[in-house]
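Chemist: Take this structure, written in structure tokens, and hold onto it; I'll ask about it next.
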Amino acid sequence: MPRLIGAVQATSQGTQAEQITTFNSTGTLTTQPRTTEIQYLIIAGGGGGGGTNAGSMTVGSRGSDSSIAGVPITTITSTGGGGGDTGAVNPTANQPGGSGGGAGRNIIGAGTANQGYPGGDGARAATAGTDVAGGGGGAGSAGGNYVPSPISSGSGGAGVASSITGSPVIRGGGGGGASYYFGPVATGTGGPGGGGNGGSTQGGAPGTTASAGTANTGGGGGGFCEDSNPFNDFGGGGGAGGYRSSVPGESSGGGASAESPLAVVGNTPYTITVGGGGAGTPVIPGYGHATTGGSGIVITKEPSVDFVDGTSSCWDLRLVYRLIKAGDWTN
């Protein structure tokens with residue numbers, strides 16, 4: 001008969017189930033009682049595409065940040081995607097971001113380390129009718145540079161796949177660059193993972209319409225193009241929102257490895273902020289659609305936890321030994 005110290009206590013064993021929570025907008029995560037760490041995917045809003053609106057040059061706006069915050073953690077933040085440049089001016093305030101915005105005229109937006117890649121290069125025509133822009137950077141690759149022959153704008157950089165919800169989903173693609181061209185339409189396509197397509201104007205008439213980044217992917221908006229200010233109206237694609245992942249075996253943006261899971265306290269609220277996409281060039285009827293960046297997303301995963309209840313007071317020593325060997329004993 002095993003030796004006892006004090007009275008034997010009734011115990012029960014169980015498992016706190018895995019919990020995956022998807023936030024498509026800002027909200028609150030309250031952890032389960034026995035949760036001590038979470039895995040996360042945090043993607044910021046994508047940058048808007050650049051271009052013109054009735055002759056007024058518009059640099060795409062930077063997307064808004066996404067984050068997880070609360071006690072006692074250090075806030076984890078993904079940076080909003082950079083806005084696309086225009087073909088006539090070279091402002092840089094909105095171009096850097098989680099992934100950088102595409103260039104209109106040789107000003108490339110930088111990405112943020114461990115979150116995304118830079119945008120691609122663009123060029124104003126040396127001769128009339130060959131204006132091309134760079135694609136926005138993606139979480140998985142840089143935005144495409146313009147191609148001089150055959151003339152083409154750069155496509156958006158690719159996103160990154162995550163299986164945090166069970167099946168792989170690609171998010172964080174950059175927006176394609178816009179083109180002004182006397183000839184066949186030559187526009188940049190959106191990067192896989194929600195990037196919008198660039199627009200084009202062909203010989204002074206509408207060609208293809210630009211498209212916005214896809215909601216809840218952090219995809220960059222496509223570059224916008226119309227003909228009210230000839231040879232200056234093309235714009236770069238927006239950069240994807242910053243991409244941060246702590247899912248084991250997966251990747252963060254910019255070629256980085258997954259981060260460490262986040263240590264948290266059970267039964268505690270944490271603030272989840274989901275960033276919106278940056279504004280792109282406004283709509284001009286007949287020439288294109290709004291080129292806003294796609295909104296971000298935050299997904300958390302609380303791994304399952306095995307537990308034993310009723311462990312106070314005194315124990316059968318043989319049971320203690322077995323629990324310690326199994327890794328199920330905590331002091």
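By convention in this document, the chains of the structure tokens carry letters A, B, ... by their order, each chain's residues are numbered from 1, and ligands are numbered from 1 in the order they are shown.
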Which residues come within 7 Å of Gly45 in chain A, counting only C-alpha atoms, excluding same-chain residues fewer than 5 positions away, as number ranges by chain?

Modeler: A: 63-65, 80-81, 218, 241, 275-278, 293-296

Chemist: Restricting it to C-alpha atoms, dump the selection as a short mmCIF file (atom, residue, chain, number, x, y, z; two decimals), in the first residue's frame.

Modeler:
```cif
data_model
loop_
_atom_site.label_atom_id
_atom_site.label_comp_id
_atom_site.auth_asym_id
_atom_site.auth_seq_id
_atom_site.Cartn_x
_atom_site.Cartn_y
_atom_site.Cartn_z
CA GLY A 63 -1.93 52.55 -43.87
CA SER A 64 -2.69 52.48 -40.15
CA ASP A 65 -0.83 50.28 -37.66
CA GLY A 80 1.13 50.53 -41.89
CA GLY A 81 2.09 50.10 -45.55
CA GLY A 218 -3.16 44.46 -45.63
CA GLY A 241 0.93 46.53 -44.29
CA GLY A 275 -5.42 49.27 -38.89
CA GLY A 276 -7.36 50.61 -41.85
CA GLY A 277 -5.99 50.96 -45.37
CA GLY A 278 -4.47 54.23 -46.50
CA GLY A 293 -5.12 50.01 -49.32
CA GLY A 294 -6.72 46.94 -47.80
CA SER A 295 -7.46 46.93 -44.08
CA GLY A 296 -5.34 44.79 -41.78
#
```

Chemist: Out of A:Asp85, A:Gly27, A:Arg62, A:Arg34, which residue has the shortest atom-to-atom distance to Val308 in chain A when counting only C-alpha atoms?

Modeler: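 Looking at the shortest contact to Val308 in chain A, the residue is A:Arg34.
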
Chemist: Would you kindly return, as JSON, numbers by chain, each protein, DNA or RNA residue with an atom no farther than 7 Å from any atom of Gly194 in chain A, considering only C-alpha atoms and excluding same-chain residues fewer than 2 positions away?

Modeler: {"A": [171, 172, 173, 191, 192, 196, 213, 214, 217, 219]}

Chemist: Counting only C-alpha atoms, what is within 10 Å of Ala110 in chain A, bar same-chain residues fewer than 6 positions away, as a PyMOL selection string?

Modeler: chain A and resi 81-82+92+95-102+116-120+136-137+142+239

Chemist: Determine the nearest neighbour of Ile38 in chain A from the options A:Val264, A:Ala17, A:Ala256, A:Ala113, counting only C-alpha atoms.

Modeler: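 Under the stated criterion, the closest residue is A:Val264.
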